[in-house]
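K.L.:
Sharing a structure with you now.
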Amino acid sequence: ARVRACQSNKKKAFKINVQGTSNIVKTILKINKNYKKNIKLIFISSDAVYESSSGGYIETDKLLAYNFYGTTKIEGEKKVKKLKNYMIIRTRFFDKTNIRFKYYADNIFTSSLEVEKLVKYIFKLIQKKFKGTINIGRNKISDFKLYKKFKKTIKSCDKSKIIKNLNLKIATDASLDLSKMKKIIC
């Protein structure tokens, strides 16, 4: 799930995110057919499936990945949709105990949430027997404002500083419309 790693090793990213997903789907289809089961696959996708420049993306928006990682997630979603019983979760999450960088941009926006919250939301979706595709996250927030809550020593910067140090495209506003999530979970 590391964007830079996927960009630099596309073959491995494709093998894991697309072929690996395809293998799981084929196995579920076989089990469902042979044993009359109805196994549900929960697929963790990404906000990287959206263009990620203007924010407020809803589940029915056109998928237009801005990097190879997002492309592999779109292809993975296509494999998952061969099943009748699936949950595709488009999200971005982080470990609040492992905030890695010293600088975060105050003008890059996401709906990223702590992994512990994501797990709780998934549990609620399972309880409600949700099927389909859903965005899961928090309300739009800048990377700086979000991560500052968990690591007081980080510093604010402009997105140009982040982009300058990378040789790949990153999201500038990958915030998600969470209307569906709020209606179902909350």
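Quick note on naming: the chains in the structure tokens go A, B, ... in the order shown, residues restart at 1 in each chain, and ligands are numbered from 1 in order of appearance.
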Do you know which residues are at most 10 Å from stretch 173-185 of chain A counting only C-alpha atoms, after dropping those on the same chain fewer than 2 positions away, and could you put them as a PyMOL selection string?
P.N.:
chain A and resi 46-59+90-92+107-112+121-125+127-128+130+133-142+170-171
K.L.:
If we count only C-alpha atoms, what is near A:Phe14 at a cut-off of 12 Å, once residues fewer than 4 positions away on the same chain are taken out, given as number ranges by chain?
P.N.:
A: 1, 5-10, 18-22, 68-76
K.L.:
Which parts of stretch 22-178 of chain A does DSSP call strand (DSSP E or B) when run on the backbone here, written out as a ChimeraX atom specification?
P.N.:
/A:41-44,57,86-90,93-94,103-105,109-110,113-114,132-135,141-142,155-157,173,176
K.L.:
Put those residues in a file: N, CA, C and O atoms, as a short mmCIF file (atom, residue, chain, number, x, y, z; two decimals), in the first residue's frame.
P.N.:
```cif
data_model
loop_
_atom_site.label_atom_id
_atom_site.label_comp_id
_atom_site.auth_asym_id
_atom_site.auth_seq_id
_atom_site.Cartn_x
_atom_site.Cartn_y
_atom_site.Cartn_z
N LEU A 41 -16.50 -11.06 0.46
CA LEU A 41 -15.14 -10.54 0.42
C LEU A 41 -15.17 -9.07 0.80
O LEU A 41 -15.94 -8.29 0.23
N ILE A 42 -14.37 -8.71 1.78
CA ILE A 42 -14.20 -7.31 2.16
C ILE A 42 -12.88 -6.85 1.57
O ILE A 42 -11.82 -7.36 1.94
N PHE A 43 -12.96 -5.93 0.63
CA PHE A 43 -11.78 -5.45 -0.10
C PHE A 43 -11.48 -4.02 0.32
O PHE A 43 -12.31 -3.13 0.17
N ILE A 44 -10.29 -3.81 0.86
CA ILE A 44 -9.87 -2.47 1.24
C ILE A 44 -9.25 -1.82 0.00
O ILE A 44 -8.15 -2.17 -0.42
N TYR A 57 -15.32 13.32 -3.26
CA TYR A 57 -15.64 12.22 -4.17
C TYR A 57 -16.70 11.30 -3.60
O TYR A 57 -16.63 10.89 -2.45
N TYR A 86 -20.00 -8.76 -1.80
CA TYR A 86 -18.72 -8.10 -1.55
C TYR A 86 -18.94 -6.75 -0.88
O TYR A 86 -20.03 -6.18 -0.92
N MET A 87 -17.87 -6.27 -0.28
CA MET A 87 -17.83 -4.93 0.29
C MET A 87 -16.51 -4.30 -0.16
O MET A 87 -15.45 -4.84 0.12
N ILE A 88 -16.60 -3.22 -0.91
CA ILE A 88 -15.41 -2.48 -1.32
C ILE A 88 -15.38 -1.20 -0.48
O ILE A 88 -16.32 -0.41 -0.51
N ILE A 89 -14.30 -1.03 0.26
CA ILE A 89 -14.15 0.12 1.14
C ILE A 89 -13.06 1.02 0.57
O ILE A 89 -11.89 0.65 0.53
N ARG A 90 -13.47 2.20 0.14
CA ARG A 90 -12.52 3.19 -0.36
C ARG A 90 -12.16 4.11 0.82
O ARG A 90 -13.04 4.75 1.40
N PHE A 93 -6.03 5.36 5.57
CA PHE A 93 -5.90 5.24 7.03
C PHE A 93 -4.44 5.30 7.44
O PHE A 93 -3.54 5.20 6.61
N PHE A 94 -4.22 5.49 8.75
CA PHE A 94 -2.87 5.61 9.27
C PHE A 94 -2.81 5.08 10.70
O PHE A 94 -3.84 4.93 11.36
N TYR A 103 7.39 17.11 8.38
CA TYR A 103 6.58 18.15 7.75
C TYR A 103 5.35 17.54 7.09
O TYR A 103 5.43 16.49 6.46
N TYR A 104 4.23 18.26 7.23
CA TYR A 104 3.01 17.89 6.54
C TYR A 104 2.39 19.16 5.97
O TYR A 104 2.44 20.22 6.59
N ALA A 105 1.80 19.03 4.81
CA ALA A 105 1.26 20.19 4.11
C ALA A 105 -0.06 20.64 4.71
O ALA A 105 -0.92 19.82 5.03
N PHE A 109 -5.34 17.79 1.32
CA PHE A 109 -6.52 17.39 2.11
C PHE A 109 -6.91 15.95 1.83
O PHE A 109 -6.81 15.47 0.69
N THR A 110 -7.36 15.27 2.87
CA THR A 110 -7.85 13.90 2.76
C THR A 110 -9.01 13.70 3.73
O THR A 110 -9.40 14.62 4.45
N LEU A 113 -8.27 8.45 8.28
CA LEU A 113 -8.65 8.20 9.67
C LEU A 113 -7.74 7.14 10.28
O LEU A 113 -7.05 6.42 9.57
N GLU A 114 -7.75 7.10 11.60
CA GLU A 114 -6.93 6.13 12.32
C GLU A 114 -7.41 4.72 12.00
O GLU A 114 -8.61 4.47 11.88
N GLY A 132 -21.69 -3.84 -1.34
CA GLY A 132 -21.45 -2.79 -2.32
C GLY A 132 -20.18 -2.02 -2.05
O GLY A 132 -19.26 -2.52 -1.41
N THR A 133 -20.15 -0.78 -2.53
CA THR A 133 -18.97 0.08 -2.43
C THR A 133 -19.30 1.26 -1.54
O THR A 133 -20.38 1.85 -1.65
N ILE A 134 -18.34 1.62 -0.67
CA ILE A 134 -18.58 2.72 0.27
C ILE A 134 -17.26 3.44 0.58
O ILE A 134 -16.21 2.81 0.67
N ASN A 135 -17.36 4.75 0.71
CA ASN A 135 -16.25 5.57 1.19
C ASN A 135 -16.28 5.57 2.72
O ASN A 135 -17.34 5.78 3.31
N ILE A 141 -9.86 17.21 6.00
CA ILE A 141 -8.91 17.85 6.90
C ILE A 141 -7.55 17.90 6.21
O ILE A 141 -7.23 17.02 5.41
N SER A 142 -6.76 18.92 6.53
CA SER A 142 -5.41 18.99 5.96
C SER A 142 -4.53 17.96 6.66
O SER A 142 -4.74 17.62 7.83
N LYS A 155 5.79 20.00 11.70
CA LYS A 155 5.74 21.38 11.21
C LYS A 155 4.90 21.46 9.94
O LYS A 155 4.83 20.51 9.17
N SER A 156 4.32 22.61 9.74
CA SER A 156 3.49 22.87 8.58
C SER A 156 4.36 23.29 7.39
O SER A 156 5.40 23.92 7.56
N CYS A 157 3.90 22.92 6.20
CA CYS A 157 4.58 23.37 4.98
C CYS A 157 3.55 23.46 3.87
O CYS A 157 2.42 23.00 3.99
N ASP A 173 -6.22 16.90 -3.06
CA ASP A 173 -7.48 16.88 -2.30
C ASP A 173 -8.19 15.56 -2.60
O ASP A 173 -8.93 15.43 -3.57
N LEU A 176 -13.22 12.65 0.77
CA LEU A 176 -14.34 11.81 0.34
C LEU A 176 -15.67 12.37 0.80
O LEU A 176 -15.78 12.92 1.90
#
```
K.L.:
List every residue of stretch 42-163 of chain A that DSSP, applied to the backbone of this structure, assigns to alpha helix (DSSP H), and report them as a ChimeraX atom specification.
P.N.:
/A:68-80,115-127,143-148,159-163
K.L.:
Restricting it to C-alpha atoms, dump the selection as a short mmCIF file (atom, residue, chain, number, x, y, z; two decimals), in the first residue's frame.
P.N.:
```cif
data_model
loop_
_atom_site.label_atom_id
_atom_site.label_comp_id
_atom_site.auth_asym_id
_atom_site.auth_seq_id
_atom_site.Cartn_x
_atom_site.Cartn_y
_atom_site.Cartn_z
CA PHE A 68 -0.04 3.23 -10.33
CA TYR A 69 -1.17 2.19 -6.85
CA GLY A 70 -4.60 3.66 -7.57
CA THR A 71 -4.68 1.90 -10.93
CA THR A 72 -4.05 -1.47 -9.25
CA LYS A 73 -6.84 -0.77 -6.77
CA ILE A 74 -9.27 0.02 -9.61
CA GLU A 75 -8.33 -3.26 -11.30
CA GLY A 76 -8.69 -5.09 -7.98
CA GLU A 77 -12.18 -3.64 -7.54
CA LYS A 78 -13.15 -4.95 -10.98
CA LYS A 79 -12.11 -8.46 -9.89
CA VAL A 80 -14.09 -8.19 -6.65
CA VAL A 115 -6.82 2.42 11.56
CA GLU A 116 -8.62 1.65 14.85
CA LYS A 117 -11.61 3.72 13.70
CA LEU A 118 -11.60 2.02 10.30
CA VAL A 119 -11.81 -1.39 11.98
CA LYS A 120 -14.80 -0.23 14.08
CA TYR A 121 -16.58 1.07 10.97
CA ILE A 122 -15.96 -2.19 9.11
CA PHE A 123 -17.40 -4.12 12.06
CA LYS A 124 -20.54 -1.95 11.95
CA LEU A 125 -20.87 -2.54 8.19
CA ILE A 126 -20.61 -6.30 8.75
CA GLN A 127 -23.30 -6.11 11.43
CA ASP A 143 -2.59 16.53 6.52
CA PHE A 144 -0.89 19.00 8.85
CA LYS A 145 -3.96 19.61 11.00
CA LEU A 146 -4.72 15.89 11.22
CA TYR A 147 -1.27 14.61 12.11
CA LYS A 148 -0.52 17.50 14.48
CA LYS A 159 2.41 21.13 -0.70
CA SER A 160 5.12 22.34 -3.09
CA LYS A 161 7.73 21.26 -0.51
CA ILE A 162 6.28 17.74 -0.40
CA ILE A 163 5.89 17.44 -4.17
#
```
K.L.:
Any idea what the distance is between atom CA of A:Arg4 and atom CA of A:Lys169?
P.N.:
9.7 Å
K.L.:
Closest to A:Lys149 among A:Lys40, A:Lys96, A:Arg2, A:Lys102, using only C-alpha atoms?
P.N.:
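Smallest separation from A:Lys149 among the options: A:Lys96.
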K.L.:
Which residue out of A:Thr27, A:Asn165, A:Thr60, A:Thr97 has the minimum interatomic distance to A:Lys82 when only C-alpha atoms are used?
P.N.:
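Answer, going by the shortest atom-to-atom distance: A:Thr27.
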K.L.:
Can you measure atom CA of A:Asn85 to atom CA of A:Lys131 for me? One decimal in Å is fine.
P.N.:
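Separation between atom CA of A:Asn85 and atom CA of A:Lys131: 6.3 Å.
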K.L.:
Pick from A:Asn67, A:Asn38, A:Ser45, A:Asn98: nearest to A:Lys84, with only C-alpha atoms counted?
P.N.:
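That would be A:Asn38, the residue with the smallest distance to A:Lys84.
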